[in-house]
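Enquirer: Compact mmCIF, C-alpha atoms, saved as protein.txt, coming up:
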# COMPACT_ATOMS: atom_id res chain seq x y z
CA MET A 1 28.42 43.61 -39.34
CA ILE A 2 24.94 42.70 -40.57
CA ARG A 3 25.97 40.24 -43.23
CA GLY A 4 23.85 37.12 -42.97
CA LEU A 5 20.53 38.93 -43.01
CA LEU A 6 19.87 37.59 -46.50
CA ALA A 7 19.34 34.28 -44.72
CA ALA A 8 17.17 35.99 -42.11
CA ILE A 9 14.78 37.24 -44.80
CA THR A 10 13.64 33.73 -45.58
CA LEU A 11 14.47 32.03 -42.29
CA GLY A 12 13.42 34.68 -39.80
CA PHE A 13 10.07 33.09 -39.00
CA ALA A 14 11.65 29.64 -38.44
CA MET A 15 14.91 30.43 -36.70
CA THR A 16 15.54 29.80 -33.03
CA ASP A 17 18.53 30.60 -30.91
CA PRO A 18 20.85 27.56 -31.28
CA ALA A 19 22.41 28.22 -27.89
CA ALA A 20 19.03 27.92 -26.25
CA ALA A 21 18.41 24.58 -27.94
CA ALA A 22 21.40 22.85 -26.39
CA GLU A 23 22.73 22.43 -22.89
CA GLU A 24 26.37 21.76 -23.69
CA ILE A 25 28.91 21.88 -26.48
CA GLU A 26 30.47 18.64 -27.66
CA TYR A 27 33.83 18.23 -29.38
CA GLU A 28 34.97 15.22 -31.40
CA ILE A 29 38.39 14.87 -33.02
CA LEU A 30 38.23 13.17 -36.41
CA THR A 31 40.84 11.94 -38.87
CA PHE A 32 41.24 13.38 -42.34
CA ASP A 33 40.08 10.04 -43.76
CA GLN A 34 36.71 10.76 -42.15
CA LEU A 35 36.23 13.94 -44.20
CA GLU A 36 34.19 13.04 -47.27
CA GLY A 37 35.93 14.25 -50.43
CA TRP A 38 39.01 15.56 -48.62
CA ALA A 39 41.54 14.02 -51.01
CA GLU A 40 39.83 15.49 -54.09
CA ASP A 41 39.80 19.14 -52.99
CA ASP A 42 42.13 21.91 -54.20
CA HIS A 43 44.08 22.37 -50.97
CA ALA A 44 46.42 24.91 -52.57
CA ALA A 45 43.48 27.25 -53.24
CA ALA A 46 42.43 26.98 -49.60
CA LEU A 47 45.98 27.58 -48.40
CA GLU A 48 46.18 30.79 -50.42
CA VAL A 49 43.00 32.07 -48.77
CA PHE A 50 44.27 31.00 -45.34
CA ARG A 51 47.46 33.03 -45.87
CA ASN A 52 45.35 36.10 -46.65
CA THR A 53 44.05 36.45 -43.10
CA CYS A 54 46.08 34.19 -40.81
CA ARG A 55 48.65 36.91 -40.16
CA ASP A 56 45.92 38.83 -38.33
CA MET A 57 45.30 36.00 -35.85
CA ARG A 58 46.81 36.85 -32.48
CA SER A 59 47.16 33.54 -30.63
CA PRO A 60 50.76 32.19 -30.65
CA ASP A 61 49.78 28.78 -32.05
CA TRP A 62 47.91 30.31 -34.97
CA ARG A 63 50.70 32.80 -35.67
CA ALA A 64 53.24 29.97 -35.74
CA LEU A 65 51.12 28.09 -38.25
CA CYS A 66 50.73 31.22 -40.34
CA HIS A 67 54.51 31.57 -40.50
CA ALA A 68 54.80 27.91 -41.51
CA ALA A 69 52.15 28.38 -44.20
CA GLU A 70 54.33 30.91 -46.03
CA GLU A 71 56.95 28.24 -46.69
CA GLN A 72 54.67 25.39 -47.77
CA THR A 73 54.74 23.87 -51.23
CA ASN A 74 52.45 20.91 -50.43
CA ALA A 75 49.18 22.37 -49.19
CA ARG A 76 47.46 19.12 -48.34
CA ALA A 77 50.46 17.92 -46.32
CA PHE A 78 50.51 21.24 -44.46
CA PHE A 79 46.92 20.92 -43.27
CA GLU A 80 47.27 17.24 -42.39
CA LEU A 81 50.55 17.76 -40.52
CA PHE A 82 49.66 20.79 -38.40
CA PHE A 83 45.88 20.48 -37.87
CA ARG A 84 43.29 18.09 -36.55
CA PRO A 85 39.63 18.10 -37.71
CA VAL A 86 37.27 18.93 -34.84
CA ALA A 87 33.51 18.41 -35.02
CA ILE A 88 31.82 20.95 -32.75
CA SER A 89 28.17 20.43 -31.84
CA ASP A 90 25.77 22.52 -29.77
CA GLY A 91 22.82 20.21 -30.35
CA ALA A 92 21.33 22.18 -33.25
CA PRO A 93 21.29 20.70 -36.78
CA ALA A 94 23.71 22.03 -39.38
CA LEU A 95 22.42 24.73 -41.71
CA PHE A 96 24.24 26.24 -44.70
CA THR A 97 23.03 29.40 -46.41
CA GLY A 98 24.75 31.70 -48.89
CA TYR A 99 25.52 35.37 -49.27
CA PHE A 100 26.99 37.55 -52.00
CA GLU A 101 28.16 41.03 -52.88
CA PRO A 102 25.41 42.97 -54.67
CA GLU A 103 26.28 44.96 -57.78
CA LEU A 104 24.17 48.06 -58.39
CA THR A 105 24.14 50.58 -61.23
CA GLY A 106 24.84 54.15 -60.18
CA SER A 107 26.67 57.43 -60.63
CA ARG A 108 28.77 59.91 -58.70
CA ARG A 109 26.16 62.55 -59.57
CA PRO A 110 22.36 62.52 -59.33
CA SER A 111 20.22 62.52 -62.46
CA ALA A 112 16.74 61.59 -63.61
CA ARG A 113 17.84 57.96 -63.64
CA TYR A 114 20.13 57.95 -60.60
CA ARG A 115 17.88 59.35 -57.87
CA TYR A 116 18.49 57.19 -54.79
CA PRO A 117 21.44 58.21 -52.61
CA VAL A 118 23.88 55.88 -50.87
CA TYR A 119 24.72 57.73 -47.66
CA LYS A 120 27.66 58.00 -45.32
CA MET A 121 26.83 58.03 -41.63
CA PRO A 122 25.96 61.50 -40.29
CA PRO A 123 27.89 62.67 -37.21
CA GLU A 124 24.82 62.91 -34.99
CA ALA A 125 23.91 59.26 -35.66
CA LYS A 126 27.29 58.23 -34.26
CA ARG A 127 26.59 59.97 -30.97
CA THR A 128 23.47 58.03 -30.04
CA SER A 129 22.58 54.37 -29.66
CA GLN A 130 19.38 54.81 -31.69
CA TRP A 131 18.78 57.50 -34.29
CA LEU A 132 15.91 58.14 -36.70
CA SER A 133 14.04 55.22 -38.24
CA ARG A 134 14.20 54.27 -41.93
CA ARG A 135 10.86 55.98 -42.58
CA GLN A 136 12.01 59.19 -40.88
CA ILE A 137 15.36 59.26 -42.70
CA GLU A 138 13.70 58.83 -46.10
CA GLN A 139 10.76 61.17 -45.46
CA ASN A 140 12.00 64.21 -43.55
CA GLY A 141 14.97 65.27 -45.69
CA VAL A 142 17.44 65.23 -42.80
CA MET A 143 20.22 63.86 -45.04
CA LYS A 144 19.86 66.22 -47.98
CA GLY A 145 22.32 68.95 -48.87
CA ARG A 146 25.02 67.84 -46.44
CA GLY A 147 27.50 66.16 -48.77
CA LEU A 148 26.86 62.75 -47.24
CA GLU A 149 26.15 61.04 -50.58
CA ILE A 150 28.73 58.52 -51.80
CA ALA A 151 26.76 57.86 -55.01
CA TRP A 152 23.26 57.69 -56.42
CA VAL A 153 21.73 54.45 -57.74
CA ASP A 154 18.79 53.71 -60.01
CA ASP A 155 16.82 51.21 -57.93
CA PRO A 156 15.55 51.78 -54.36
CA VAL A 157 14.75 48.08 -53.91
CA GLU A 158 18.31 47.04 -54.74
CA LEU A 159 19.53 49.77 -52.39
CA PHE A 160 17.41 48.26 -49.60
CA PHE A 161 19.00 44.86 -50.20
CA LEU A 162 22.45 46.43 -50.39
CA GLN A 163 21.83 47.60 -46.84
CA ILE A 164 20.85 44.08 -45.82
CA GLN A 165 24.08 42.65 -47.24
CA GLY A 166 26.17 45.45 -45.75
CA SER A 167 28.56 45.84 -48.69
CA GLY A 168 28.56 45.90 -52.48
CA ARG A 169 29.77 47.44 -55.70
CA ILE A 170 28.27 50.28 -57.71
CA LYS A 171 28.94 50.13 -61.46
CA LEU A 172 29.49 53.57 -62.97
CA PRO A 173 28.20 54.68 -66.42
CA GLY A 174 31.62 55.30 -67.93
CA GLY A 175 33.16 52.12 -66.59
CA GLY A 176 34.74 51.44 -63.24
CA TYR A 177 33.23 50.76 -59.85
CA ILE A 178 32.72 52.19 -56.40
CA ARG A 179 32.99 49.61 -53.67
CA VAL A 180 31.12 50.38 -50.47
CA GLY A 181 31.30 48.70 -47.07
CA TYR A 182 29.34 48.86 -43.86
CA GLY A 183 29.74 52.28 -42.23
CA GLY A 184 27.32 52.08 -39.32
CA SER A 185 23.58 51.99 -38.69
CA ASN A 186 20.81 53.97 -37.08
CA GLY A 187 20.68 51.51 -34.17
CA HIS A 188 17.21 50.10 -34.82
CA GLU A 189 16.63 46.34 -34.76
CA TYR A 190 16.23 44.66 -38.13
CA ARG A 191 12.66 43.53 -38.82
CA SER A 192 12.19 40.94 -41.57
CA VAL A 193 10.08 42.12 -44.50
CA GLY A 194 9.73 38.49 -45.53
CA VAL A 195 8.08 37.67 -42.22
CA GLU A 196 5.78 40.66 -42.69
CA LEU A 197 4.67 39.41 -46.13
CA VAL A 198 3.76 36.09 -44.53
CA ARG A 199 1.97 37.83 -41.64
CA GLN A 200 -0.14 39.79 -44.13
CA GLY A 201 -1.10 36.56 -45.89
CA ILE A 202 0.49 37.59 -49.19
CA TYR A 203 2.81 34.57 -49.30
CA ASN A 204 3.34 31.35 -47.42
CA ALA A 205 6.63 30.97 -45.55
CA HIS A 206 8.16 28.52 -48.04
CA GLN A 207 7.51 30.93 -50.94
CA VAL A 208 9.47 33.88 -49.59
CA SER A 209 12.90 34.71 -50.99
CA ALA A 210 14.87 37.85 -51.75
CA GLN A 211 13.78 37.77 -55.41
CA VAL A 212 10.13 37.24 -54.51
CA ILE A 213 10.26 40.26 -52.20
CA LYS A 214 11.93 42.42 -54.87
CA ASN A 215 9.36 41.49 -57.51
CA TRP A 216 6.41 42.12 -55.19
CA VAL A 217 7.69 45.56 -54.14
CA ARG A 218 8.19 46.57 -57.78
CA ARG A 219 4.69 45.42 -58.72
CA ASN A 220 3.17 47.26 -55.75
CA PRO A 221 5.11 50.55 -55.39
CA ALA A 222 3.00 52.20 -52.66
CA ARG A 223 2.47 49.08 -50.55
CA GLY A 224 6.05 48.07 -51.34
CA LEU A 225 7.40 51.27 -49.85
CA GLU A 226 5.38 50.65 -46.70
CA LEU A 227 6.79 47.12 -46.58
CA LEU A 228 10.36 48.41 -46.73
CA TRP A 229 9.58 50.95 -44.01
CA HIS A 230 8.41 48.02 -41.86
CA ASN A 231 12.14 47.49 -41.30
CA PRO A 232 13.24 50.54 -39.24
CA SER A 233 16.94 49.63 -39.49
CA TYR A 234 18.97 51.79 -41.85
CA VAL A 235 22.56 51.12 -42.86
CA PHE A 236 25.13 53.74 -43.82
CA PHE A 237 28.21 53.04 -45.93
CA ARG A 238 31.80 54.04 -46.42
CA GLU A 239 33.73 53.97 -49.65
CA VAL A 240 36.22 51.11 -49.68
CA SER A 241 38.99 52.34 -51.94
CA GLU A 242 41.71 50.00 -50.65
CA VAL A 243 40.21 46.90 -52.31
CA PRO A 244 40.66 46.58 -56.11
CA PRO A 245 37.60 45.57 -58.19
CA ASP A 246 39.02 42.12 -58.97
CA LYS A 247 39.16 41.22 -55.27
CA GLY A 248 36.26 40.27 -53.04
CA PRO A 249 34.70 42.58 -50.45
CA LEU A 250 36.10 42.96 -46.96
CA GLY A 251 35.02 40.40 -44.39
CA ALA A 252 34.97 40.64 -40.61
CA MET A 253 38.78 40.33 -40.54
CA ASN A 254 39.05 43.43 -42.76
CA ARG A 255 40.56 41.39 -45.61
CA SER A 256 39.10 40.49 -49.00
CA ILE A 257 37.03 37.34 -49.02
CA THR A 258 37.09 34.75 -51.80
CA THR A 259 34.26 33.19 -53.80
CA LEU A 260 33.39 29.69 -52.51
CA ARG A 261 36.46 29.66 -50.26
CA SER A 262 35.32 32.11 -47.56
CA VAL A 263 32.60 31.32 -45.06
CA ALA A 264 30.83 33.32 -42.36
CA VAL A 265 30.61 31.57 -38.99
CA ASP A 266 29.71 32.14 -35.38
CA PRO A 267 33.03 33.13 -33.72
CA LYS A 268 31.70 31.86 -30.39
CA TYR A 269 32.47 28.38 -31.72
CA THR A 270 34.81 28.82 -34.71
CA PRO A 271 37.86 31.12 -34.54
CA LEU A 272 37.98 33.70 -37.31
CA GLY A 273 40.77 32.72 -39.69
CA ALA A 274 40.43 28.98 -39.04
CA PRO A 275 40.16 26.48 -41.92
CA VAL A 276 36.70 24.92 -42.08
CA TRP A 277 35.81 21.72 -43.92
CA VAL A 278 32.34 22.05 -45.44
CA GLU A 279 30.19 19.04 -46.28
CA LYS A 280 27.05 20.68 -47.64
CA ASP A 281 24.29 18.37 -48.79
CA GLY A 282 21.20 19.22 -50.81
CA LYS A 283 20.71 19.29 -54.59
CA LYS A 284 24.25 20.45 -55.26
CA LYS A 285 26.58 18.81 -52.79
CA LEU A 286 29.70 20.72 -51.85
CA ARG A 287 32.83 19.24 -50.27
CA ARG A 288 35.42 21.96 -49.84
CA LEU A 289 37.98 23.45 -47.48
CA MET A 290 37.06 27.06 -46.73
CA ILE A 291 38.36 29.71 -44.36
CA ALA A 292 36.24 31.32 -41.63
CA GLN A 293 36.72 34.97 -42.55
CA ASP A 294 33.37 36.56 -41.86
CA THR A 295 30.44 36.76 -39.45
CA GLY A 296 26.75 37.59 -39.74
CA SER A 297 23.92 38.59 -37.44
CA ALA A 298 21.89 35.55 -38.52
CA ILE A 299 24.85 33.17 -38.28
CA LYS A 300 24.54 31.73 -34.80
CA GLY A 301 25.52 28.23 -33.68
CA ALA A 302 28.32 25.71 -33.93
CA GLN A 303 26.98 24.18 -37.16
CA ARG A 304 25.71 27.39 -38.80
CA ALA A 305 27.57 28.79 -41.81
CA ASP A 306 27.05 31.30 -44.63
CA ILE A 307 29.00 30.57 -47.82
CA PHE A 308 30.24 33.51 -49.94
CA PHE A 309 29.17 33.09 -53.58
CA GLY A 310 30.82 36.13 -55.15
CA THR A 311 29.62 39.36 -56.77
CA GLY A 312 26.61 40.20 -58.92
CA ASP A 313 23.20 38.84 -59.89
CA LYS A 314 24.28 35.27 -60.70
CA ALA A 315 25.99 34.96 -57.33
CA GLY A 316 22.91 36.45 -55.70
CA ARG A 317 20.59 33.89 -57.30
CA GLU A 318 22.82 31.00 -56.24
CA ALA A 319 23.21 32.34 -52.70
CA GLY A 320 19.50 33.02 -52.33
CA GLN A 321 18.56 29.44 -53.17
CA LEU A 322 20.81 27.88 -50.56
CA LYS A 323 19.30 26.42 -47.40
CA ASP A 324 20.91 23.02 -46.97
CA PRO A 325 21.92 20.56 -44.25
CA GLY A 326 25.28 18.85 -43.85
CA ARG A 327 28.13 19.21 -41.40
CA MET A 328 30.99 21.59 -40.73
CA ILE A 329 34.36 20.53 -39.34
CA VAL A 330 36.86 23.05 -37.96
CA LEU A 331 40.59 22.43 -38.48
CA MET A 332 42.36 23.32 -35.25
CA PRO A 333 46.07 23.43 -34.33
CA ILE A 334 46.90 20.02 -32.84
CA GLN A 335 47.44 21.06 -29.21
CA ARG A 336 44.38 23.30 -29.27
CA ALA A 337 42.28 20.47 -30.72
CA TYR A 338 43.18 18.01 -27.97
CA ALA A 339 42.69 20.66 -25.29
CA TYR A 340 38.97 20.65 -26.10
CA LEU A 341 38.58 17.01 -25.08
CA PRO A 342 37.69 15.94 -21.54
CA VAL A 343 40.72 14.70 -19.62
CA GLU A 344 39.59 11.06 -19.74
CA LYS A 345 39.52 11.13 -23.56
CA GLN A 346 42.94 12.73 -24.08
If you took the structure in this file and wrote it as structure tokens, what would it be?
Expert:
Amino acid sequence: MIRGLLAAITLGFAMTDPAAAAEEIEYEILTFDQLEGWAEDDHAAALEVFRNTCRDMRSPDWRALCHAAEEQTNARAFFELFFRPVAISDGAPALFTGYFEPELTGSRRPSARYRYPVYKMPPEAKRTSQWLSRRQIEQNGVMKGRGLEIAWVDDPVELFFLQIQGSGRIKLPGGGYIRVGYGGSNGHEYRSVGVELVRQGIYNAHQVSAQVIKNWVRRNPARGLELLWHNPSYVFFREVSEVPPDKGPLGAMNRSITTLRSVAVDPKYTPLGAPVWVEKDGKKKLRRLMIAQDTGSAIKGAQRADIFFGTGDKAGREAGQLKDPGRMIVLMPIQRAYAYLPVEKQ
């Protein structure tokens, strides 16, 4: 998965490896009274999202809790009875960013308006660790005439950002949608175009965002194309027909994710499927129980999280503005929670 690269566009020049910044991981068991805003949340909404993916968790303790979740009528009591809040720290400060599902305009057939193809992965790209670069794919015609097109869209810049997000929806002219998900890549490392704009002296680091990049590329077509080619990574897609349009895209657990209830985490520290209490600060504080259902290449560290904001432009604007501190608390099964503590503290 490459989800999380939206954050890397604006943070790439400032990010460090959280694991390298800390020598050890610390665990602290909290009480639910220590979670700010816990009593005011909609626990039933979180429980519904938890049920969506918990059945795919393989550990016996998680599977037992998933079975118990099916029979619960009091969601808050369920979480408080079977879980303990665990603060996990690797020494790096907490950072919350946001991501979303792009919505493009396109067609099943090419036309004067819909000229930019969304490709499936070619067989030869699957057989090598590194295939052609973005520039080569778009310049040499290697993809044309092979039936690899899923659809054609009307905006090459939005297509570039669709590849960064790794999934999205394509709105068709006559109504209806095509949902696409990550289908593979050409194996090249992602290179931030935001960092490149800063390197060229076009913007200062604090000015760069996804929208700023889009606007600059559209105002400068020739230089903009060169900027996009600066990133040699190219993402291919697959059509995701098993998810209805009213549901969210598939996350790392291959289940639909939910607006403002699903969060991408680093699975090195937070088990996928686990409930996560989010205390996001900043201009718009957020206190909410979410479920760790996704990952991202830029989401690294015990206190690093990417919040899913939904589908479309509005969600994209909200997600793109998010870069806030706070803290993240993982809800763990009771025995698992206490197993993290040193023997002298148990």
Enquirer: Would you mind telling me which residue in A:Phe32, A:Phe83, A:Phe50, A:Phe160 lies nearest to A:Ser262 when using all atoms listed in the file?
Expert: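 Under the stated criterion, the closest residue is A:Phe50.
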Enquirer: My list of candidates is A:Arg113, A:Arg108, A:Gly187, A:Ile88. Which is closest to A:Leu148 when distances are computed with all atoms listed in the file?
Expert: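 Nearest candidate to A:Leu148 out of A:Arg113, A:Arg108, A:Gly187, A:Ile88: A:Arg108.
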Enquirer: Using all atoms listed in the file, can you tell me which of A:Val276, A:Ala315, A:Ala210, A:Leu225 comes closest to A:Gln139?
Expert: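 The closest residue to A:Gln139 is A:Leu225.
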Enquirer: So how many Å separate atom CA of A:Gln321 and atom CA of A:Ala264, to one decimal?
Expert: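 Rounded to one decimal, the two atoms are 16.8 Å apart.
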Enquirer: For A:Pro117, which residue out of A:Phe237, A:Phe309, A:Tyr182, A:Tyr340 is the nearest one, using only C-alpha atoms?
Expert: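 Looking only at the distances to A:Pro117, the closest residue turns out to be A:Phe237.
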Enquirer: Can I get stretch 248-259 of chain A with N, CA and C atoms filled in, as a PDB file, in the coordinates of the input?
Expert:
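Saved file part-v9.pdb follows:
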ATOM      1  N   GLY A 248      37.545  40.321 -53.716  1.00  0.00           N
ATOM      2  CA  GLY A 248      36.260  40.270 -53.040  1.00  0.00           C
ATOM      3  C   GLY A 248      36.126  41.373 -52.004  1.00  0.00           C
ATOM      4  N   PRO A 249      34.924  41.551 -51.467  1.00  0.00           N
ATOM      5  CA  PRO A 249      34.700  42.580 -50.450  1.00  0.00           C
ATOM      6  C   PRO A 249      35.420  42.230 -49.155  1.00  0.00           C
ATOM      7  N   LEU A 250      35.474  43.195 -48.254  1.00  0.00           N
ATOM      8  CA  LEU A 250      36.100  42.960 -46.960  1.00  0.00           C
ATOM      9  C   LEU A 250      35.175  42.145 -46.057  1.00  0.00           C
ATOM     10  N   GLY A 251      35.763  41.165 -45.373  1.00  0.00           N
ATOM     11  CA  GLY A 251      35.020  40.400 -44.390  1.00  0.00           C
ATOM     12  C   GLY A 251      35.245  40.958 -43.001  1.00  0.00           C
ATOM     13  N   ALA A 252      34.864  40.195 -41.997  1.00  0.00           N
ATOM     14  CA  ALA A 252      34.970  40.640 -40.610  1.00  0.00           C
ATOM     15  C   ALA A 252      36.413  40.819 -40.169  1.00  0.00           C
ATOM     16  N   MET A 253      37.367  40.187 -40.884  1.00  0.00           N
ATOM     17  CA  MET A 253      38.780  40.330 -40.540  1.00  0.00           C
ATOM     18  C   MET A 253      39.432  41.480 -41.305  1.00  0.00           C
ATOM     19  N   ASN A 254      38.597  42.265 -42.012  1.00  0.00           N
ATOM     20  CA  ASN A 254      39.050  43.430 -42.760  1.00  0.00           C
ATOM     21  C   ASN A 254      40.001  43.058 -43.886  1.00  0.00           C
ATOM     22  N   ARG A 255      39.816  41.872 -44.447  1.00  0.00           N
ATOM     23  CA  ARG A 255      40.560  41.390 -45.610  1.00  0.00           C
ATOM     24  C   ARG A 255      39.561  40.929 -46.663  1.00  0.00           C
ATOM     25  N   SER A 256      39.978  40.946 -47.925  1.00  0.00           N
ATOM     26  CA  SER A 256      39.100  40.490 -49.000  1.00  0.00           C
ATOM     27  C   SER A 256      38.728  39.025 -48.816  1.00  0.00           C
ATOM     28  N   ILE A 257      37.474  38.722 -49.074  1.00  0.00           N
ATOM     29  CA  ILE A 257      37.030  37.340 -49.020  1.00  0.00           C
ATOM     30  C   ILE A 257      36.964  36.770 -50.432  1.00  0.00           C
ATOM     31  N   THR A 258      36.912  35.441 -50.530  1.00  0.00           N
ATOM     32  CA  THR A 258      37.090  34.750 -51.800  1.00  0.00           C
ATOM     33  C   THR A 258      35.876  33.885 -52.114  1.00  0.00           C
ATOM     34  N   THR A 259      35.426  33.944 -53.363  1.00  0.00           N
ATOM     35  CA  THR A 259      34.260  33.190 -53.800  1.00  0.00           C
ATOM     36  C   THR A 259      34.420  31.688 -53.538  1.00  0.00           C
TER      37      THR A 259
END
